[in-house]
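Shown below: entry14.tsv, with TSV, C-alpha atoms and all ligand atoms.
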chain	number	residue	atom	x	y	z
H	1	MET	CA	29.80	-50.22	-23.35
H	2	ARG	CA	26.53	-51.31	-21.81
H	3	LEU	CA	23.98	-48.73	-22.91
H	4	LEU	CA	20.45	-48.07	-21.68
H	5	VAL	CA	18.62	-46.43	-24.58
H	6	THR	CA	15.13	-45.10	-23.87
H	7	GLY	CA	12.60	-44.67	-26.67
H	8	GLY	CA	14.48	-47.21	-28.76
H	9	CYS	CA	11.32	-48.34	-30.57
H	10	GLY	CA	10.79	-44.86	-32.03
H	11	PHE	CA	12.24	-43.28	-35.14
H	12	ILE	CA	15.61	-41.94	-33.98
H	13	GLY	CA	15.89	-44.39	-31.08
H	14	SER	CA	15.61	-47.48	-33.29
H	15	THR	CA	18.27	-46.14	-35.65
H	16	PHE	CA	20.49	-45.43	-32.66
H	17	VAL	CA	19.95	-48.94	-31.24
H	18	ARG	CA	20.96	-50.54	-34.56
H	19	MET	CA	24.01	-48.27	-34.81
H	20	ALA	CA	25.07	-49.03	-31.22
H	21	LEU	CA	24.80	-52.81	-31.74
H	22	SER	CA	26.70	-52.61	-35.03
H	23	ARG	CA	29.48	-50.79	-33.16
H	24	GLY	CA	29.74	-53.66	-30.69
H	25	HIS	CA	27.93	-52.15	-27.70
H	26	GLN	CA	25.36	-53.96	-25.55
H	27	VAL	CA	21.94	-52.30	-25.56
H	28	THR	CA	18.97	-52.37	-23.23
H	29	ASN	CA	16.05	-50.66	-24.95
H	30	LEU	CA	13.48	-49.31	-22.47
H	31	ASP	CA	10.32	-48.19	-24.19
H	32	LYS	CA	6.73	-47.56	-23.08
H	33	LEU	CA	5.41	-48.40	-26.57
H	34	THR	CA	3.20	-45.36	-26.98
H	35	TYR	CA	1.45	-44.86	-30.32
H	36	ALA	CA	4.90	-43.86	-31.70
H	37	GLY	CA	6.77	-46.89	-30.37
H	38	ASN	CA	6.86	-49.75	-32.84
H	39	PRO	CA	8.58	-53.09	-32.09
H	40	ALA	CA	8.90	-53.64	-35.85
H	41	ASN	CA	11.50	-50.86	-35.86
H	42	VAL	CA	13.92	-53.11	-33.99
H	43	ALA	CA	12.69	-56.52	-35.18
H	44	GLU	CA	15.92	-57.28	-37.05
H	45	VAL	CA	18.02	-56.94	-33.87
H	46	ALA	CA	15.54	-58.43	-31.39
H	47	ASP	CA	17.34	-61.79	-31.20
H	48	LEU	CA	20.91	-60.52	-31.04
H	49	PRO	CA	22.71	-61.57	-27.83
H	50	GLY	CA	23.74	-57.97	-27.05
H	51	TYR	CA	20.15	-56.69	-27.11
H	52	ARG	CA	17.33	-56.79	-24.60
H	53	PHE	CA	13.99	-55.03	-24.51
H	54	LEU	CA	12.15	-53.74	-21.44
H	55	HIS	CA	8.57	-52.54	-21.77
H	56	ALA	CA	8.49	-49.70	-19.22
H	57	ASP	CA	7.93	-46.01	-18.60
H	58	ILE	CA	10.87	-43.70	-17.86
H	59	ALA	CA	8.69	-42.13	-15.17
H	60	ASP	CA	8.48	-45.47	-13.29
H	61	ALA	CA	11.37	-45.23	-10.80
H	62	ALA	CA	11.36	-48.93	-9.81
H	63	ALA	CA	11.37	-50.15	-13.42
H	64	VAL	CA	14.12	-47.72	-14.33
H	65	ALA	CA	16.23	-48.73	-11.31
H	66	ASN	CA	15.90	-52.37	-12.40
H	67	ALA	CA	16.86	-51.51	-15.98
H	68	LEU	CA	19.95	-49.63	-14.82
H	69	GLU	CA	21.67	-52.63	-13.27
H	70	GLY	CA	25.07	-53.01	-14.94
H	71	VAL	CA	24.56	-50.03	-17.24
H	72	ASP	CA	27.49	-47.73	-18.10
H	73	VAL	CA	25.76	-45.02	-20.12
H	74	VAL	CA	22.15	-43.83	-20.47
H	75	VAL	CA	20.90	-42.27	-23.70
H	76	ASN	CA	17.52	-40.72	-22.96
H	77	MET	CA	15.54	-40.37	-26.18
H	78	ALA	CA	12.09	-41.31	-24.87
H	79	ALA	CA	9.69	-38.43	-25.38
H	80	GLU	CA	6.35	-37.30	-26.61
H	81	SER	CA	7.80	-35.79	-29.76
H	82	HIS	CA	5.13	-34.18	-31.95
H	83	VAL	CA	4.43	-30.45	-31.76
H	84	ASP	CA	0.88	-30.68	-33.15
H	85	ARG	CA	-0.12	-33.34	-30.61
H	86	SER	CA	1.28	-31.11	-27.88
H	87	ILE	CA	-1.02	-28.33	-29.05
H	88	LEU	CA	-4.04	-30.68	-29.05
H	89	ASP	CA	-3.21	-32.32	-25.69
H	90	PRO	CA	-0.54	-30.30	-23.86
H	91	ALA	CA	-0.82	-31.82	-20.37
H	92	THR	CA	0.50	-35.23	-21.43
H	93	PHE	CA	3.87	-33.89	-22.57
H	94	PRO	CA	5.46	-32.92	-19.22
H	95	MET	CA	4.65	-36.38	-17.83
H	96	THR	CA	7.38	-37.94	-19.97
H	97	ASP	CA	9.51	-35.03	-21.19
H	98	VAL	CA	9.84	-33.33	-17.78
H	99	VAL	CA	8.83	-35.74	-15.00
H	100	GLY	CA	10.10	-38.87	-16.76
H	101	THR	CA	13.40	-37.17	-17.47
H	102	ALA	CA	13.76	-36.18	-13.80
H	103	VAL	CA	13.02	-39.75	-12.71
H	104	ILE	CA	15.56	-41.38	-15.02
H	105	LEU	CA	18.17	-38.72	-14.27
H	106	ASP	CA	17.83	-39.35	-10.58
H	107	GLN	CA	17.80	-43.13	-10.83
H	108	SER	CA	20.91	-42.88	-13.04
H	109	ARG	CA	22.62	-40.71	-10.43
H	110	ARG	CA	21.79	-43.21	-7.68
H	111	ALA	CA	23.00	-46.10	-9.83
H	112	GLY	CA	26.28	-44.29	-10.51
H	113	VAL	CA	26.13	-44.46	-14.32
H	114	ARG	CA	29.28	-43.16	-16.00
H	115	ARG	CA	27.51	-40.77	-18.37
H	116	PHE	CA	23.95	-39.57	-19.11
H	117	VAL	CA	23.13	-38.33	-22.61
H	118	GLN	CA	19.98	-36.20	-22.81
H	119	VAL	CA	18.65	-36.02	-26.37
H	120	SER	CA	17.10	-32.56	-26.67
H	121	THR	CA	16.03	-30.48	-29.65
H	122	ASP	CA	16.80	-27.22	-31.45
H	123	GLU	CA	13.19	-26.19	-30.75
H	124	VAL	CA	14.17	-25.24	-27.18
H	125	TYR	CA	15.79	-22.08	-28.60
H	126	GLY	CA	12.61	-20.87	-30.32
H	127	SER	CA	12.68	-19.12	-33.70
H	128	ILE	CA	15.61	-17.18	-35.22
H	129	PRO	CA	15.13	-14.78	-38.17
H	130	HIS	CA	18.82	-14.56	-39.17
H	131	GLY	CA	22.03	-16.33	-38.21
H	132	ALA	CA	22.18	-19.56	-36.22
H	133	PHE	CA	21.67	-20.58	-32.60
H	134	ARG	CA	24.75	-21.32	-30.51
H	135	GLU	CA	24.70	-23.58	-27.45
H	136	THR	CA	25.00	-20.55	-25.12
H	137	ASP	CA	21.86	-18.84	-26.43
H	138	PRO	CA	18.86	-18.53	-24.10
H	139	LEU	CA	15.99	-21.01	-24.33
H	140	GLU	CA	12.71	-19.51	-25.58
H	141	PRO	CA	10.50	-22.46	-26.51
H	142	SER	CA	7.21	-21.73	-28.29
H	143	SER	CA	5.12	-24.91	-28.12
H	144	PRO	CA	4.04	-27.14	-25.23
H	145	TYR	CA	6.34	-29.79	-26.75
H	146	SER	CA	9.41	-27.58	-26.88
H	147	ALA	CA	8.69	-26.14	-23.43
H	148	SER	CA	8.57	-29.67	-22.04
H	149	LYS	CA	11.80	-30.59	-23.82
H	150	ALA	CA	13.42	-27.43	-22.45
H	151	GLY	CA	12.40	-28.62	-18.97
H	152	GLY	CA	14.14	-31.96	-19.52
H	153	ASP	CA	17.19	-30.30	-21.06
H	154	LEU	CA	17.60	-27.86	-18.14
H	155	GLN	CA	17.09	-30.59	-15.55
H	156	ALA	CA	19.87	-32.63	-17.13
H	157	LEU	CA	22.22	-29.65	-16.82
H	158	ALA	CA	21.03	-29.05	-13.25
H	159	TRP	CA	21.91	-32.65	-12.31
H	160	HIS	CA	25.44	-31.90	-13.50
H	161	ARG	CA	25.72	-28.64	-11.56
H	162	THR	CA	24.05	-29.89	-8.38
H	163	TYR	CA	25.30	-33.46	-8.13
H	164	GLY	CA	28.40	-33.35	-10.34
H	165	MET	CA	26.82	-36.02	-12.52
H	166	ASP	CA	28.43	-36.56	-15.94
H	167	VAL	CA	25.68	-35.26	-18.22
H	168	VAL	CA	25.86	-34.17	-21.86
H	169	VAL	CA	22.99	-32.67	-23.88
H	170	THR	CA	22.43	-32.84	-27.65
H	171	ARG	CA	20.10	-30.38	-29.40
H	172	GLY	CA	19.22	-31.90	-32.75
H	173	SER	CA	17.50	-30.33	-35.74
H	174	ASN	CA	14.62	-31.68	-37.87
H	175	THR	CA	15.41	-35.28	-38.63
H	176	TYR	CA	14.24	-37.39	-41.58
H	177	GLY	CA	14.71	-40.92	-42.85
H	178	PRO	CA	13.08	-44.38	-42.77
H	179	ARG	CA	10.69	-45.42	-39.96
H	180	GLN	CA	9.52	-41.93	-38.99
H	181	TYR	CA	5.92	-41.97	-37.79
H	182	PRO	CA	3.70	-40.49	-40.51
H	183	GLU	CA	2.54	-37.50	-38.46
H	184	LYS	CA	5.71	-35.46	-39.15
H	185	LEU	CA	6.04	-33.36	-42.30
H	186	ILE	CA	8.16	-35.62	-44.51
H	187	PRO	CA	6.60	-39.05	-43.83
H	188	LEU	CA	3.10	-37.55	-43.76
H	189	PHE	CA	3.54	-35.86	-47.12
H	190	VAL	CA	5.36	-38.82	-48.69
H	191	THR	CA	2.68	-41.33	-47.68
H	192	ASN	CA	-0.17	-38.98	-48.59
H	193	ALA	CA	1.44	-38.27	-51.98
H	194	LEU	CA	1.97	-41.99	-52.65
H	195	ASP	CA	-1.78	-42.43	-52.05
H	196	GLY	CA	-2.72	-39.34	-54.10
H	197	GLU	CA	-4.05	-37.55	-51.00
H	198	GLY	CA	-3.79	-33.82	-50.15
H	199	LEU	CA	-0.69	-32.26	-48.57
H	200	PRO	CA	-1.77	-29.81	-45.82
H	201	VAL	CA	0.85	-27.02	-45.86
H	202	TYR	CA	0.53	-24.79	-42.80
H	203	GLY	CA	0.13	-21.11	-43.67
H	204	ASP	CA	2.32	-19.83	-46.50
H	205	GLY	CA	4.77	-22.75	-46.32
H	206	GLN	CA	7.75	-20.40	-46.13
H	207	GLN	CA	8.79	-21.61	-42.66
H	208	ILE	CA	12.37	-22.88	-42.59
H	209	ARG	CA	13.74	-26.01	-40.94
H	210	ASP	CA	17.32	-27.38	-40.92
H	211	TRP	CA	17.03	-31.01	-42.03
H	212	ILE	CA	19.43	-33.75	-40.97
H	213	HIS	CA	19.38	-37.43	-41.91
H	214	VAL	CA	18.66	-39.79	-39.02
H	215	GLU	CA	22.00	-41.61	-39.48
H	216	ASP	CA	23.86	-38.30	-39.20
H	217	HIS	CA	21.83	-37.30	-36.14
H	218	CYS	CA	22.62	-40.62	-34.43
H	219	ALA	CA	26.32	-40.34	-35.36
H	220	GLY	CA	26.27	-36.86	-33.76
H	221	ILE	CA	24.77	-38.27	-30.55
H	222	PHE	CA	27.48	-40.96	-30.56
H	223	ALA	CA	30.22	-38.35	-30.99
H	224	VAL	CA	28.89	-36.47	-27.96
H	225	LEU	CA	28.48	-39.69	-25.95
H	226	GLU	CA	32.08	-40.70	-26.67
H	227	HIS	CA	33.94	-37.37	-26.79
H	228	GLY	CA	31.71	-34.62	-25.35
H	229	ALA	CA	32.75	-32.77	-22.20
H	230	ALA	CA	30.66	-33.28	-19.05
H	231	GLY	CA	28.07	-30.56	-18.47
H	232	GLU	CA	28.23	-29.35	-22.08
H	233	VAL	CA	25.55	-28.90	-24.74
H	234	TYR	CA	26.14	-29.77	-28.43
H	235	ASN	CA	24.01	-28.69	-31.36
H	236	VAL	CA	23.46	-31.43	-33.98
H	237	GLY	CA	22.33	-29.80	-37.22
H	238	GLY	CA	22.49	-30.56	-40.92
H	239	ALA	CA	23.42	-27.08	-42.27
H	240	ASN	CA	20.57	-27.80	-44.67
H	241	GLU	CA	17.89	-25.09	-44.47
H	242	ARG	CA	14.77	-25.63	-46.55
H	243	THR	CA	11.35	-24.01	-46.68
H	244	ASN	CA	8.42	-26.34	-46.14
H	245	LEU	CA	7.25	-25.61	-49.68
H	246	ASP	CA	10.64	-26.64	-51.07
H	247	ILE	CA	10.32	-29.97	-49.19
H	248	THR	CA	6.75	-30.36	-50.46
H	249	GLU	CA	7.72	-29.77	-54.09
H	250	ARG	CA	10.60	-32.22	-53.86
H	251	ILE	CA	8.25	-34.87	-52.46
H	252	LEU	CA	5.77	-34.23	-55.28
H	253	GLY	CA	8.60	-34.67	-57.80
H	254	LEU	CA	9.88	-37.87	-56.19
H	255	THR	CA	6.39	-39.41	-56.04
H	256	GLY	CA	5.37	-38.34	-59.55
H	257	ARG	CA	2.55	-36.07	-58.32
H	258	ASP	CA	1.78	-32.45	-59.12
H	259	GLY	CA	0.97	-29.27	-57.17
H	260	ALA	CA	-2.77	-29.94	-57.24
H	261	LEU	CA	-2.26	-31.98	-54.05
H	262	ILE	CA	-1.05	-28.93	-52.10
H	263	HIS	CA	-3.60	-27.39	-49.72
H	264	HIS	CA	-2.58	-24.31	-47.75
H	265	VAL	CA	-4.35	-24.75	-44.41
H	266	THR	CA	-4.64	-22.65	-41.25
H	267	ASP	CA	-1.23	-22.14	-39.69
H	268	ARG	CA	0.03	-23.94	-36.57
H	269	PRO	CA	-0.51	-21.69	-33.49
H	270	GLY	CA	2.79	-20.29	-32.21
H	271	HIS	CA	4.54	-21.61	-35.33
H	272	ASP	CA	8.31	-20.98	-35.25
H	273	ARG	CA	9.33	-19.36	-38.52
H	274	ARG	CA	12.92	-20.50	-38.80
H	275	TYR	CA	15.37	-22.83	-37.10
H	276	ALA	CA	19.13	-22.79	-37.72
H	277	LEU	CA	22.01	-24.25	-35.71
H	278	ALA	CA	25.70	-23.45	-35.43
H	279	THR	CA	27.48	-26.82	-35.24
H	280	GLU	CA	31.15	-25.83	-34.89
H	281	LYS	CA	31.25	-27.20	-31.35
H	282	LEU	CA	30.18	-30.68	-32.48
H	283	SER	CA	32.65	-30.51	-35.39
H	284	THR	CA	35.48	-30.21	-32.87
H	285	LEU	CA	34.57	-33.75	-31.76
H	286	GLY	CA	35.27	-35.02	-35.29
H	287	TRP	CA	31.65	-35.22	-36.45
H	288	THR	CA	30.36	-34.09	-39.83
H	289	ALA	CA	27.02	-34.66	-41.58
H	290	ARG	CA	27.53	-37.13	-44.43
H	291	VAL	CA	24.17	-37.75	-46.11
H	292	GLU	CA	23.51	-35.35	-48.98
H	293	PHE	CA	19.91	-34.11	-48.78
H	294	ALA	CA	18.74	-34.91	-52.32
H	295	THR	CA	20.02	-38.49	-51.97
H	296	GLY	CA	18.73	-38.92	-48.42
H	297	LEU	CA	15.26	-37.67	-49.33
H	298	ALA	CA	15.07	-39.82	-52.47
H	299	ASP	CA	16.12	-42.90	-50.47
H	300	THR	CA	13.56	-42.06	-47.79
H	301	VAL	CA	10.77	-41.81	-50.37
H	302	GLU	CA	11.87	-45.15	-51.80
H	303	TRP	CA	11.79	-46.69	-48.31
H	304	TYR	CA	8.16	-45.59	-47.82
H	305	ARG	CA	7.28	-46.78	-51.33
H	306	ALA	CA	8.77	-50.20	-50.58
H	307	ASN	CA	7.43	-50.51	-47.03
H	308	ARG	CA	3.68	-49.98	-47.22
H	309	ALA	CA	3.36	-52.91	-44.81
H	310	TRP	CA	5.06	-50.69	-42.20
H	311	TRP	CA	2.92	-47.56	-42.55
H	312	GLU	CA	-0.49	-48.67	-43.84
H	313	PRO	CA	-1.49	-50.36	-40.53
H	314	ILE	CA	-0.35	-47.22	-38.66
H	315	LYS	CA	-2.47	-44.97	-40.83
H	316	SER	CA	-5.57	-47.08	-40.33
H	317	GLY	CA	-5.45	-47.23	-36.52
H	318	GLU	CA	-5.48	-44.57	-33.75
H	319	TYR	CA	-3.98	-42.33	-36.37
H	320	ARG	CA	-7.34	-41.72	-38.07
H	321	ALA	CA	-8.81	-40.07	-34.98
H	322	TYR	CA	-5.67	-37.96	-34.63
H	323	TYR	CA	-5.78	-36.98	-38.31
H	324	GLN	CA	-9.41	-35.92	-38.04
H	325	ALA	CA	-8.73	-33.85	-34.90
H	326	GLN	CA	-5.66	-32.23	-36.43
H	327	TYR	CA	-6.80	-31.62	-40.00
H	328	GLY	CA	-10.57	-32.27	-40.13
H	329	ASP	CA	-11.87	-28.77	-39.50
H	330	ARG	CA	-8.75	-26.84	-40.47
H	331	GLY	CA	-9.58	-23.80	-42.58
H	332	SER	CA	-7.64	-22.85	-45.69
H	333	ALA	CA	-4.86	-20.26	-45.74
H	334	PRO	CA	-3.80	-17.99	-48.62
H	335	ARG	CA	-0.80	-19.04	-50.71
H	336	ALA	CA	2.42	-17.03	-50.32
H	401	LIG	P1	9.32	-40.87	-31.67
H	401	LIG	O1	8.04	-40.21	-31.31
H	401	LIG	O2	9.46	-41.51	-33.01
H	401	LIG	O3	9.68	-41.99	-30.59
H	401	LIG	C1	9.54	-41.77	-29.21
H	401	LIG	C2	9.73	-43.11	-28.51
H	401	LIG	O4	9.70	-42.88	-27.10
H	401	LIG	C3	8.63	-44.12	-28.83
H	401	LIG	O5	9.21	-45.40	-29.07
H	401	LIG	C4	7.78	-44.13	-27.55
H	401	LIG	O6	7.11	-45.36	-27.34
H	401	LIG	C5	8.83	-43.84	-26.50
H	401	LIG	N1	8.27	-43.25	-25.28
H	401	LIG	C6	7.42	-42.19	-25.19
H	401	LIG	N2	7.14	-41.93	-23.89
H	401	LIG	C7	7.85	-42.83	-23.15
H	401	LIG	C8	7.98	-43.07	-21.76
H	401	LIG	N3	7.33	-42.33	-20.85
H	401	LIG	N4	8.81	-44.05	-21.35
H	401	LIG	C9	9.46	-44.84	-22.26
H	401	LIG	N5	9.35	-44.67	-23.59
H	401	LIG	C10	8.55	-43.68	-24.04
H	401	LIG	O7	10.45	-39.77	-31.44
H	401	LIG	P2	11.73	-39.40	-32.33
H	401	LIG	O8	11.34	-38.51	-33.42
H	401	LIG	O9	12.48	-40.64	-32.64
H	401	LIG	O10	12.55	-38.53	-31.27
H	401	LIG	C11	13.43	-39.17	-30.34
H	401	LIG	C12	14.03	-38.09	-29.45
H	401	LIG	O11	14.74	-37.15	-30.25
H	401	LIG	C13	13.00	-37.29	-28.67
H	401	LIG	O12	13.52	-37.01	-27.40
H	401	LIG	C14	12.85	-36.01	-29.48
H	401	LIG	O13	12.46	-34.92	-28.66
H	401	LIG	C15	14.25	-35.83	-30.00
H	401	LIG	N6	14.40	-35.11	-31.26
H	401	LIG	C16	13.64	-35.46	-32.35
H	401	LIG	C17	13.83	-34.79	-33.57
H	401	LIG	C18	13.03	-35.15	-34.80
H	401	LIG	O14	13.09	-34.40	-35.79
H	401	LIG	N7	12.31	-36.25	-34.83
H	401	LIG	C19	14.78	-33.77	-33.65
H	401	LIG	C20	15.52	-33.42	-32.51
H	401	LIG	C21	15.33	-34.12	-31.32
H	402	LIG	O1	13.48	-29.22	-34.87
H	402	LIG	C1	13.47	-30.46	-34.20
H	402	LIG	C2	12.04	-30.92	-34.04
H	402	LIG	O2	11.59	-31.24	-35.35
H	402	LIG	C3	11.90	-32.12	-33.12
H	402	LIG	O3	12.27	-31.74	-31.82
H	402	LIG	C4	10.46	-32.64	-33.11
H	402	LIG	O4	10.38	-33.82	-32.36
H	402	LIG	C5	10.04	-32.93	-34.54
H	402	LIG	O5	8.68	-33.28	-34.57
H	402	LIG	C6	10.26	-31.71	-35.43
H	402	LIG	O6	9.35	-30.64	-35.10
H	402	LIG	P1	8.65	-29.77	-36.24
H	402	LIG	O7	7.42	-29.18	-35.69
H	402	LIG	O8	9.62	-28.83	-36.89
H	402	LIG	O9	8.36	-30.95	-37.30
H	402	LIG	P2	7.08	-31.31	-38.17
H	402	LIG	O10	7.51	-32.42	-39.07
H	402	LIG	O11	5.87	-31.49	-37.37
H	402	LIG	O12	6.89	-29.99	-39.05
H	402	LIG	C7	7.93	-29.50	-39.88
H	402	LIG	C8	7.42	-28.23	-40.53
H	402	LIG	O13	6.35	-28.56	-41.43
H	402	LIG	C9	6.86	-27.23	-39.55
H	402	LIG	O14	7.16	-25.91	-39.98
H	402	LIG	C10	5.35	-27.47	-39.63
H	402	LIG	C11	5.15	-27.89	-41.07
H	402	LIG	N1	4.02	-28.81	-41.31
H	402	LIG	C12	3.98	-29.97	-40.59
H	402	LIG	C13	2.93	-30.85	-40.76
H	402	LIG	C14	2.85	-32.12	-39.96
H	402	LIG	C15	3.06	-28.53	-42.27
H	402	LIG	O15	3.14	-27.48	-42.96
H	402	LIG	N2	2.02	-29.39	-42.43
H	402	LIG	C16	1.91	-30.55	-41.71
H	402	LIG	O16	0.91	-31.29	-41.90
Will you turn the file into structure tokens for me?
Amino acid sequence: MRLLVTGGCGFIGSTFVRMALSRGHQVTNLDKLTYAGNPANVAEVADLPGYRFLHADIADAAAVANALEGVDVVVNMAAESHVDRSILDPATFPMTDVVGTAVILDQSRRAGVRRFVQVSTDEVYGSIPHGAFRETDPLEPSSPYSASKAGGDLQALAWHRTYGMDVVVTRGSNTYGPRQYPEKLIPLFVTNALDGEGLPVYGDGQQIRDWIHVEDHCAGIFAVLEHGAAGEVYNVGGANERTNLDITERILGLTGRDGALIHHVTDRPGHDRRYALATEKLSTLGWTARVEFATGLADTVEWYRANRAWWEPIKSGEYRAYYQAQYGDRGSAPRA
């Protein structure tokens, strides 16, 4: 297949691009190269004959139309992806996650692509105290990020209902692995711990996330791309619920640090307490999560330990201003 992957210089996108090429597909990677887009993430495939890169914005209709020539399937992963940045600067998120998604959906419709895969998130459901979200549950997003993603997700389904376009939506859970920008919980805490710096746990740290390895997430997206039914939504979760404090303690153990690095800081506004996904629907497509969490996390820590050249330049750039804005004046919170 000839795939157009957007956001392919990001964390999940670059893993997906490598997986697609290794499966014999041709890939055009369209990426705006925001602070989160890193050409180094795809450097090892940059010269392969089946790969081409286009530096463009998914909200730029002309650039997208040009990129779509000869494309069979679009996988739309491009997004502003970090909840905390959406709380600091909410107005930027709809520009890509809502407007950009509408633009690329519509250009894909006009170009007659065979299938459009919208990569959404479990955060569109909001928080769930017990049980697990099913694909038919209502969307109740809490943050500006998840509200924007819900907008993109619903538009994709609307393009199916209104225009009969072949659209599938994936709603993935918290993803971890190599090359994740060090603003998210796991890479932030791993890199801080490696440097002996504090780990800012929001509130009591008892919030729960369902963690999935990036290779499993990408394999889930592939299963939906290849076997999903048009107009359907598929949860992609790891069945691996962990509190944030559990994750923190594991990272301390893997980096040889102790609990003195933990700082309980003022909680995230609107913080969802728990995410959990029912994944039976995806299982019917033959998918199953394969990476065991203890192994996946240990390998991820080793990747960051071995690849300081990847993350040290990131942490010394624009990141410092972000880190100061996000954590500089944050008060402390009581322990659980
Ligand atoms: P990321 O922030 O690492 O990468 C996002 C990529 O999109 C970057 O390369 C960036 O340059 C690019 N981009 C941003 N705006 C763009 C625009 N307007 N046009 C073109 N490119 C643009 O994100 P990620 O964590 O890899 O997430 C990828 C997708 O998966 C997102 O849609 C996200 O909502 C979704 N998702 C992420 C997770 C997770 O835990 N990371 C879980 C579920 C779903
Ligand atoms: O659930 C899927 C979503 O997972 C994706 O759609 C998002 O793109 C991705 O960023 C992620 O969102 P979260 O907000 O769950 O991930 P984050 O890594 O930012 O935070 C995970 C948990 O850790 C959350 O409960 C907040 C907490 N946290 C995070 C940071 C950065 C802390 O306690 N301290 C921190 O410094």
May I have the centre and edge lengths, in Å to one decimal, of an axis-aligned box around the listed atoms of ligand LIG 402 (chain H) with 6 Å added to every side, as AutoDock Vina command-line options?
--center_x 7.2 --center_y -29.9 --center_z -37.4 --size_x 24.6 --size_y 19.9 --size_z 23.1
Env. residues ligand LIG 402 (chain H) / 7 Å / all atoms listed in the file / as a PyMOL selection string: chain H and resi 81-84+121-123+172-175+183-186+188+199-202+205+207-209+244+271-272
How would you write, as a VMD selection string, the set of residues no farther than 8 Å from ligand LIG 401 (chain H) when counting only C-alpha atoms and all ligand atoms? chain H and resid 6 to 14 30 to 38 55 to 59 76 to 82 95 to 97 100 118 to 123 149 171 to 176 180 to 181 184
CA of His217 (chain H) sits from CA of Val169 (chain H) at a separation of 13.2 Å
Counting all atoms listed in the file, the option among H:Gly317, H:Gly231, H:Gly237, H:Gly253 closest to Ala158 (chain H):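 Nearest to Ala158 (chain H): H:Gly231.
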What are the closest atom pairs, with distances in Å to one decimal, for each residue of region 115-231 of chain H lying within 10 Å of region 285-290 of chain H, using all atoms listed in the file, rows by chain and rising residue number, as a tab-separated table?
residue	atom	partner	partner_atom	distance
H:Ile212	CA	H:Ala289	CA	7.7
H:His213	CA	H:Ala289	CA	8.1
H:Glu215	CA	H:Arg290	CA	8.7
H:Asp216	CA	H:Ala289	CA	5.4
H:His217	CA	H:Ala289	CA	8.0
H:Ala219	CA	H:Trp287	CA	7.5
H:Gly220	CA	H:Trp287	CA	6.2
H:Ile221	CA	H:Trp287	CA	9.6
H:Phe222	CA	H:Trp287	CA	9.2
H:Ala223	CA	H:Leu285	CA	6.4
H:Val224	CA	H:Leu285	CA	7.4
H:Glu226	CA	H:Leu285	CA	9.0
H:His227	CA	H:Leu285	CA	6.2
H:Gly228	CA	H:Leu285	CA	7.1
H:Ala229	CA	H:Leu285	CA	9.8
For Ile128 (chain H), the closest of H:Arg330, H:Arg308, H:Arg273, H:Lys315 counting all atoms listed in the file is H:Arg273
Which is closer to Ile247 (chain H) than all the others in H:Leu297, H:Ala43, H:Val64, H:Val73, using only C-alpha atoms?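 Selected residue with least distance to Ile247 (chain H): H:Leu297.
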Selected residue, from H:Pro49, H:Gly177, H:Gly70, H:Pro187, that lies nearest to Asp299 (chain H) when counting all atoms listed in the file: H:Gly177
State, in Å with one decimal place, the distance from CA of Thr248 (chain H) to CA of Ser332 (chain H).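 Those two atoms sit 16.9 Å apart.
The residue that comes closest to Phe189 (chain H), out of H:Tyr304, H:Phe293, H:Tyr163, H:Tyr51 and on the basis of all atoms listed in the file, is H:Tyr304.
With only C-alpha atoms as the atoms that count, the minimum distance from Thr162 (chain H) to the choices H:Asp106, H:Pro141, H:Asn41, H:Glu302 is reached by H:Asp106.
Atom pair CA of Arg274 (chain H) / CA of Val301 (chain H): separated by 24.3 Å.
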Expected residue set, 10 Å radius at (26.8, -52.0, -25.6), all atoms listed in the file, as a ChimeraX atom specification: /H:1-5,17,20-28,50-51,71-73
Which polymer residues have any atom within 8 Å of an atom of Ser148 (chain H), counting all atoms listed in the file, with same-chain residues fewer than 5 positions away left out, as a list in words? Phe93, Pro94, Asp97 and Val98 of chain H
For a cut-off of 9 Å around (-1.7, -18.3, -38.2), file coordinates, pick out all residues using only C-alpha atoms and list them as a PyMOL selection string. chain H and resi 202-203+266-271+333
